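Enquirer: This is the structure I want to talk about, given as structure tokens.
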Amino acid sequence: MVIAMKLYWNYFLMELKSQMQYKASFFLTALGQFITAFTTFFGIRFLFDRIHGVDRFTYGQVLLCFAVIMMSFALGEMAGGGLAVFPDLLREGELDRILVRPRSILLQIVMPNMDFSRLGLLAQALLVLCAAIPASKVAWTPEKALVLLLMVLCGSVIFFCLFLLVASVAFFTLQSFEFLNIFTYGMRDFGRYPLSVYGEEMLKLLTFVIPLALIQYYPLLYLLDQAEGIRYAAAPLFSLLFVLPSAALYRLGVRNYKSAGS
Amino acid sequence: MIEFTDISKTYRVAKRQAGMKHAVASFFSREYSEIHALQNVSFSIDDGEMVGYIGPNGAGKSTTIKIMCGILTPDAGTCVVNGRIPYRERVRHVREIGVVFGQRSQLWWDVPVMDSFDLIRDIYRVDEALYRKNVAELTELLELGELLKTPVRTLSLGQRMRCEIAASLLHDPKVLFLDEPTIGLDAVSKLAVRAFIRRLNEEKKTTVVLTTHDMQDIEALTERVLLIGRGSILSDGRLEDLKKRIPERKTMVIEYQGAPPALHPKMTQAEHPSDGRMTVRFDPSRLSVSTAIAHFAAHTTLLDVSVSDISTEEMVAKLYQEYRL
Amino acid sequence: MKAEMNVYVSMFRIRFAHNLQYRSAVLGAILKGYLWAMMEVLGYLAIYRTGGGALPMEFSATASYVWAHQSFLVLFSVVFADSEIYSAIRSGAVVYDLARPVGLYGKWFCQSASNRLSFALVNCLPVLLLGAVTPKPYGLILPSVTQLAFFVVSALLAFCVTVAVAMLMYVSLFYFISQRGIRIIVRVVTSFFSGGVIPLLFFPKPLQRVIRVLPFAAMQNMPLQIFCGTIRGTNAAKGIVFQMFWLLILILAGSAAMKTATKKVVSLGG
């Protein structure tokens, strides 16, 4: 286990070293990510200059949602965004190289494709979070802080799984589908409002199919004292069940690749 | 060591035709065709053997290699390497094999070669002492020296290939698969790579399976040659035996004075005579070399004679023709 | 000139056929456009429910704006998968292009226009149609014939302005090493200031005064506003003149910059 960790740490360093070879490029990309997040933020800001809330949520509370989703997304994409190279790996046969090494296939793809320029996005999300923590008027307690942490951490797992699901489709199609962006970038964009605003049905969909509401809407209710009970506080933990179908599709994909070739 | 029994593999590919009409039509309904990459292929390779695997493009070479490496699962048949089924026990299997894909790199592009080696050491969990010993040995044999400190992107193709081969041997694999290891290399690098592989096979008794289009690789390295075409093994044996399958395998070049001499009835002309030179071919089992020389000596004033076997290149081209590949 | 045009036409045909080939990708793109627009409309619905009176656009106009925006996303995006151009710049293969008797500006302009158009033709209209058949209040409301005519002209101009801005970006790539960084920054800036994140009408008043005269306003902002009816009649005509003005400037600036940049490439010897 320790040796394995060391390996992936080395992978990580190797990648950091490679990306740092092109410093200007790295910082420009990180800057781009930073600005991207900012325009989304201003999109919300300008709207809420004119109106003062959406449904029963104030601007500050919407910001909290936005910050949680952005941080989750930034972390999840930093690890999983690189999986977007999957179709290329498959088409160019690079996956073969990975298959002849005695290590986890997934980690061999994830580690070298870590994208540290996402730190720009993370930095922006952190700024918004700092603003949202007082602005949301939440009566903060240690428990609530823990729930907030869970929201972000479980959220990044969900986003990672979404990236994995999307990438795994390439096993069967050998190409990436723009359509699937709706499950990754789309979820980031839609998650900027509390998910209940999209209506009952959509909320159900985002609870039971893609459990985004479990890391956003339900724990938010708990933070705002609009709902009580461990069910709401621990909702992020339940969202982790999403790992199962994601891993299953990925495994099926590997099996398919090994029997169909490319 | 390697047992390949009755392996078959079929791919399904969508048919595509040119033209706007077909593009629109195939949007709505699509036809598929099946490609039989391998059909009931069987062979076995012993410990320490060095085998050349040849055949035209698309014959099934890389499918075979991929099955042996555990990358592909066959549709039917079984493949056992080192007592394991590669595609079932991928991780344990690949720990004991080395693979070089000539067209692809396993080294990290932007960092010095040595950093890649270190990472490969971690990937294969090579014991530190063994790793040091192997790096020292490989550095000496493949003359890596300064290259180890250089980022891969600045290496020439020949230098890179030497590093690639070293990288695939750091963990002392029992079997080495080389998929076109000399493709695109200059003459000096080719010689260096061949010499190294031969030495590896002799000294460490590593089993080597080599695919190539360069027949000089085969001549220099392998005793045994597997010829594959359209998904089946067409021949399996020594290079010399393969040559014997070509009837007209002797080539004779003569230089003469005066008019071109008539041919012996058991000869065919390979090139038109010009400037007092003529090239002919014949089957040595039907016409002995001495009779052939005597024939020309009787019909013209011979200035020079040279006799050679058909080159491997030509032989393979003939075999492909014979099997209509 | 005619022979040159033929090259572009056949390039477009190949591209179009290529895009059709991946039918699941096409259907997927349509579905994505539909769902994405729908989610955005739902979001706006909630906002209007809470305090819609304070917003400067009717809800139906906003909904139409969202639908049209999603439908023409590719047509109006500055950064698109013009992979041939990016790799020509990156690999230095652009010197071969310079050796050909076709102007590089014209060639790339047509190339990126045809890339977007061939993709958009397959994907756009179905989304718009789906939006039109979606019931009130979620769907879009088709504009009057006059507005539609203004829209077509304005959309065409916005498309050209978009490509012209993309051309400026390609030129800048001769100077910057980081294609990815530049692409991200250009994408986000152009999208934000042309009304890709929220309609420009939602921006604060003082900011609007500045943004309205920038070239970005001549991009998707104009046709989308004409489509949803927030710019009508004479104002639409004025807007079209405004777009023509920027198109002219951008093409002149782009081709001049291209000349300077390619001189640099040639003098460096590729």
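Within each chain, counting starts at residue 1; across the structure tokens, chains are named A, B, ... in the order shown, with ligands numbered 1 upward in that order.
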Just the residues within 8 Å of C:Trp246, please, counting only C-alpha atoms, with nothing from its chain fewer than 6 positions along; format it as a PyMOL selection string.

Expert: chain C and resi 161+215+218

Enquirer: Counting only C-alpha atoms, a student should be able to say which residues of chain A come within 10 Å of chain B; what is the right answer, written as JSON, numbers by chain?

Expert: {"A": [3, 4, 6, 7, 8, 10, 11, 14, 15, 17, 18, 19, 20, 21, 22, 92, 93, 94, 95, 96, 97, 98, 99, 100, 101, 102, 103, 104, 105, 108, 112, 254, 255, 256, 257, 258, 259, 260, 261, 262]}

Enquirer: Pick out the residues sitting within 10 Å of B:Phe196, and hand them over as a list in words; count only C-alpha atoms, and ignore anything fewer than 6 positions along from it in its own chain.

Expert: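 These residues fall inside the cut-off: Leu138, Leu141, Leu142, Arg162, Ile165, Lys190 and Glu202 of chain B.
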
Enquirer: Please report as CSV every residue of chain C lying within 9 Å of chain A, along with the nearest atom pair and their distance in Å (one decimal), using only C-alpha atoms.

Expert:
residue,atom,partner,partner_atom,distance
C:Ser24,CA,A:Phe177,CA,8.4
C:Ala25,CA,A:Phe177,CA,5.7
C:Val26,CA,A:Phe179,CA,8.8
C:Leu27,CA,A:Phe179,CA,8.5
C:Gly28,CA,A:Phe179,CA,4.8
C:Ala29,CA,A:Phe179,CA,5.0
C:Ile30,CA,A:Phe179,CA,7.9
C:Leu31,CA,A:Phe179,CA,7.0
C:Lys32,CA,A:Phe179,CA,4.9
C:Gly33,CA,A:Phe179,CA,8.0
C:Leu35,CA,A:Ile182,CA,8.1
C:Trp36,CA,A:Ile182,CA,7.0
C:Met39,CA,A:Tyr198,CA,7.0
C:Glu40,CA,A:Phe190,CA,7.5
C:Val41,CA,A:Tyr198,CA,8.9
C:Leu42,CA,A:Tyr198,CA,5.3
C:Gly43,CA,A:Tyr198,CA,5.9
C:Leu45,CA,A:Val197,CA,8.3
C:Ala46,CA,A:Val197,CA,5.6
C:Ile47,CA,A:Val54,CA,5.2
C:Tyr48,CA,A:Val54,CA,8.3
C:Arg49,CA,A:Asp55,CA,7.4
C:Thr50,CA,A:Val54,CA,5.5
C:Gly51,CA,A:Ile51,CA,5.4
C:Gly52,CA,A:Ile51,CA,7.4
C:Gly53,CA,A:Ile51,CA,8.6
C:Ala54,CA,A:Arg50,CA,5.8
C:Leu55,CA,A:Arg50,CA,6.4
C:Phe176,CA,A:Ser25,CA,8.6
C:Ile177,CA,A:Ser25,CA,6.8
C:Ser178,CA,A:Ser25,CA,4.5
C:Gln179,CA,A:Ser25,CA,7.8
C:Arg180,CA,A:Thr29,CA,6.4
C:Gly181,CA,A:Thr29,CA,3.8
C:Ile182,CA,A:Leu28,CA,7.1
C:Arg183,CA,A:Gly32,CA,8.3
C:Ile184,CA,A:Gly32,CA,5.3
C:Ile185,CA,A:Gly32,CA,4.7
C:Val186,CA,A:Gly32,CA,8.4
C:Arg187,CA,A:Thr36,CA,8.7
C:Val188,CA,A:Thr36,CA,5.6
C:Val189,CA,A:Thr39,CA,8.1
C:Phe192,CA,A:Thr39,CA,6.4
C:Val197,CA,A:Gly43,CA,6.1
C:Ile198,CA,A:Gly43,CA,5.9
C:Phe202,CA,A:Leu47,CA,6.3
C:Phe203,CA,A:Phe46,CA,5.7
C:Pro204,CA,A:Phe46,CA,6.6

Enquirer: Give me, as a ChimeraX atom specification, the residues of stretch 52-289 of chain B that a backbone DSSP run labels helix (DSSP H, G or I).

Expert: /B:61-69,90-94,113-124,128-141,145-149,152-154,157-167,187-204,215-221,239-244,289

Enquirer: For A:Arg91, which of A:Pro219, A:Phe171, A:Leu237, A:Ala135 is the closest residue, counting only C-alpha atoms?

Expert: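 Answer, going by the shortest atom-to-atom distance: A:Phe171.
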